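Below: the structure, in structure tokens.
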Amino acid sequence: MIERITESSSNHNNLEKMSTRELLHGINSEDQKVATAIHQIIPEIELFIDECYLRMKNGGRLFYIGAGTSGRLGVVDASECPPTFGVDQGVVVGIIAGGDLAIRKAVEFAEDDTEQCWNDLMEHNINSNDTLIGIAASGSTPYVIGAIKKANTLGILTGGISCNPGSPLEVEAKFPMTAIVGPEFVTGSTRMKSGTAQKLILNMISTSLMIKLGHVKGNKMVDMQLSNKKLVDRGAKMIQQEIPVDYDTALYLLQKFGSVRSAVENYKK
């Protein structure tokens, strides 16, 4: 049986006897290992992104699947793509074991069903032009592994984000991304370092893909949705940086054309 590093004993002991300062230093000392672990697998992440991009530029979608913390992280990343990059709902989709209820409340044994995830994916008509990422700190969640195996048989591109080398997810996913962050501060509490690693990798994947798909210009979110006053103000200032107009004119152009990109392009015509 493969040793699960994510379940191995913490490097710290007698936590209940520590002062608040000691707890914080201990947690922070472990957190600092996360970025280093991810740095080690940048080549693997790069390979996956480049393959996924080839599909997405031709209309393919990106699906995240997971249970518990892993599933929630996928849902969060997917839900932030439309407002941040202006893509349609459904271009990036997060699916969690137990359904939307599980985003807020644990659904008992939902992750143990090897068939349910594929049923959930079929509601979105997943097909061979799409990409599927399994997210599981342990790398052994049945809900995730079952769907990855099925997707592989249908030619769907599969990736896996986990924190245990040699896990079933690492074996089954065509593009495994395994960040070995080591034992958690609280033994087995993978919402901590493992969860942080998963969040950072998801950030890297979605942000890189959206840039490659043309939703960022320079370093600006030119297609962002104008969903609140802060973003409207940011958009107007971004327009001012691109074309020689005052703030009120920039605001008018933004409201007329609906995005920074459209405002600038129409002004320059």
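Chain labels A, B, ... are given in the sequence in which chains occur in the structure tokens; within each chain residues are numbered consecutively from 1, and ligands are likewise numbered from 1 in the order shown.
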Given only C-alpha atoms, how would the per-residue table for region 62-139 of chain A near region 241-263 of chain A read, listing every residue at most 12 Å away with its closest atom pair and distance in Å to one decimal, sorted by chain and number, as JSON lines?
```
{"residue": "A:Pro83", "atom": "CA", "partner": "A:Ser259", "partner_atom": "CA", "distance": 11.4}
{"residue": "A:Thr84", "atom": "CA", "partner": "A:Ser259", "partner_atom": "CA", "distance": 11.6}
{"residue": "A:Phe85", "atom": "CA", "partner": "A:Ser259", "partner_atom": "CA", "distance": 10.6}
{"residue": "A:Gly86", "atom": "CA", "partner": "A:Ser259", "partner_atom": "CA", "distance": 8.8}
```
Tell me, counting only C-alpha atoms, for each residue of region 140-183 of chain A within 12 Å of region 4-25 of chain A, which pair of atoms is nearest and how far apart they are in Å to one decimal, in rows ordered by chain and increasing number, as CSV.
```
residue,atom,partner,partner_atom,distance
A:Ser140,CA,A:Arg4,CA,9.7
A:Ser162,CA,A:Thr6,CA,9.6
A:Cys163,CA,A:Thr6,CA,6.8
A:Asn164,CA,A:Arg4,CA,5.8
A:Pro165,CA,A:Arg4,CA,8.0
A:Gly166,CA,A:Arg4,CA,9.0
A:Ser167,CA,A:Arg4,CA,8.1
A:Pro168,CA,A:Arg4,CA,11.2
A:Thr178,CA,A:Ile5,CA,11.6
A:Ala179,CA,A:Thr6,CA,10.7
A:Ile180,CA,A:Ile5,CA,7.9
A:Val181,CA,A:Thr6,CA,8.1
A:Gly182,CA,A:Ile5,CA,5.9
A:Pro183,CA,A:Ser10,CA,5.3
```
Grab the residues selected above and save them as a PDB file, in the first residue's frame with N, CA and C atoms.
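Writing the result to result_16.pdb gives the following:
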```pdb
ATOM      1  N   SER A 140      -6.967   9.790  -4.121  1.00  0.00           N
ATOM      2  CA  SER A 140      -7.650   8.488  -4.127  1.00  0.00           C
ATOM      3  C   SER A 140      -9.169   8.596  -3.995  1.00  0.00           C
ATOM      4  N   SER A 162      -3.017  16.624  -7.056  1.00  0.00           N
ATOM      5  CA  SER A 162      -2.999  15.902  -5.782  1.00  0.00           C
ATOM      6  C   SER A 162      -1.698  16.196  -5.047  1.00  0.00           C
ATOM      7  N   CYS A 163      -1.573  15.617  -3.864  1.00  0.00           N
ATOM      8  CA  CYS A 163      -0.391  15.880  -3.031  1.00  0.00           C
ATOM      9  C   CYS A 163       0.284  14.597  -2.560  1.00  0.00           C
ATOM     10  N   ASN A 164      -0.090  13.459  -3.141  1.00  0.00           N
ATOM     11  CA  ASN A 164       0.521  12.178  -2.786  1.00  0.00           C
ATOM     12  C   ASN A 164       1.130  11.531  -4.030  1.00  0.00           C
ATOM     13  N   PRO A 165       2.438  11.346  -4.080  1.00  0.00           N
ATOM     14  CA  PRO A 165       3.044  10.674  -5.231  1.00  0.00           C
ATOM     15  C   PRO A 165       2.609   9.213  -5.299  1.00  0.00           C
ATOM     16  N   GLY A 166       2.390   8.731  -6.522  1.00  0.00           N
ATOM     17  CA  GLY A 166       1.998   7.343  -6.713  1.00  0.00           C
ATOM     18  C   GLY A 166       0.548   7.056  -6.424  1.00  0.00           C
ATOM     19  N   SER A 167      -0.261   8.096  -6.237  1.00  0.00           N
ATOM     20  CA  SER A 167      -1.677   7.905  -5.921  1.00  0.00           C
ATOM     21  C   SER A 167      -2.432   7.439  -7.153  1.00  0.00           C
ATOM     22  N   PRO A 168      -3.640   6.882  -6.971  1.00  0.00           N
ATOM     23  CA  PRO A 168      -4.455   6.489  -8.128  1.00  0.00           C
ATOM     24  C   PRO A 168      -4.704   7.638  -9.106  1.00  0.00           C
ATOM     25  N   THR A 178       1.391  16.755  -9.171  1.00  0.00           N
ATOM     26  CA  THR A 178       1.448  16.312  -7.777  1.00  0.00           C
ATOM     27  C   THR A 178       2.386  17.199  -6.972  1.00  0.00           C
ATOM     28  N   ALA A 179       1.792  18.060  -6.136  1.00  0.00           N
ATOM     29  CA  ALA A 179       2.575  18.963  -5.291  1.00  0.00           C
ATOM     30  C   ALA A 179       2.805  18.291  -3.945  1.00  0.00           C
ATOM     31  N   ILE A 180       4.031  17.888  -3.688  1.00  0.00           N
ATOM     32  CA  ILE A 180       4.344  17.153  -2.454  1.00  0.00           C
ATOM     33  C   ILE A 180       4.678  18.162  -1.353  1.00  0.00           C
ATOM     34  N   VAL A 181       3.661  18.549  -0.612  1.00  0.00           N
ATOM     35  CA  VAL A 181       3.829  19.596   0.395  1.00  0.00           C
ATOM     36  C   VAL A 181       4.193  19.039   1.765  1.00  0.00           C
ATOM     37  N   GLY A 182       4.128  17.722   1.930  1.00  0.00           N
ATOM     38  CA  GLY A 182       4.500  17.106   3.195  1.00  0.00           C
ATOM     39  C   GLY A 182       3.361  17.065   4.192  1.00  0.00           C
ATOM     40  N   PRO A 183       3.630  16.594   5.417  1.00  0.00           N
ATOM     41  CA  PRO A 183       2.590  16.459   6.442  1.00  0.00           C
ATOM     42  C   PRO A 183       1.951  17.801   6.793  1.00  0.00           C
TER      43      PRO A 183
END
```
Have a look at A:Leu157, A:Val222, A:Ile42, A:Ala97 and name the one nearest to Ile133 (chain A); count only C-alpha atoms.
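Residue with the minimum atom-to-atom distance to Ile133 (chain A): A:Leu157.
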Between A:Leu231, A:Met177, A:Ala110, A:Leu209, which one has atoms that come closest to Val144 (chain A), using only C-alpha atoms?
A:Ala110
From A:Gly74, A:Gly98, A:Gly90, A:Gly214, residue lying nearest Gln198 (chain A) [only C-alpha atoms]
A:Gly74
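Closest approach to Ile148 (chain A) among A:Asn125, A:Thr114, A:Thr196, A:Asn228 is made by A:Thr114 (distances from only C-alpha atoms).
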List every residue of region 35-115 of chain A that DSSP, applied to the backbone of this structure, assigns to strand (DSSP E or B), and report them as a ChimeraX atom specification.
/A:62-66,92-96
If DSSP is run on the backbone, what residues of region 41-179 of chain A are alpha helix (DSSP H)? A reply as number ranges by chain would be ideal.
A: 42-56, 68-85, 101-104, 116-122, 142-153, 168-172
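Coordinates place CA of Phe48 (chain A) at a distance of 26.8 Å from CA of Asp112 (chain A).
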Report as a tab-separated table (two decimals) with C-alpha atoms, in the first residue's frame all protein, DNA and RNA residues lying within 10 Å of Glu46 (chain A), evaluated on only C-alpha atoms, omitting residues in the same chain fewer than 4 positions from it.
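Final file, out.tsv:
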```tsv
chain	number	residue	atom	x	y	z
A	41	ILE	CA	6.19	20.76	-10.82
A	42	ILE	CA	5.89	23.81	-13.06
A	50	ASP	CA	-0.64	23.86	-23.33
A	51	GLU	CA	-2.70	20.75	-24.12
A	52	CYS	CA	-5.84	22.21	-22.54
A	175	PHE	CA	-1.39	14.93	-16.96
A	177	MET	CA	0.30	17.54	-11.18
A	204	MET	CA	-2.04	29.18	-12.39
A	205	ILE	CA	-4.12	27.04	-14.72
A	208	SER	CA	-2.70	31.22	-17.81
```
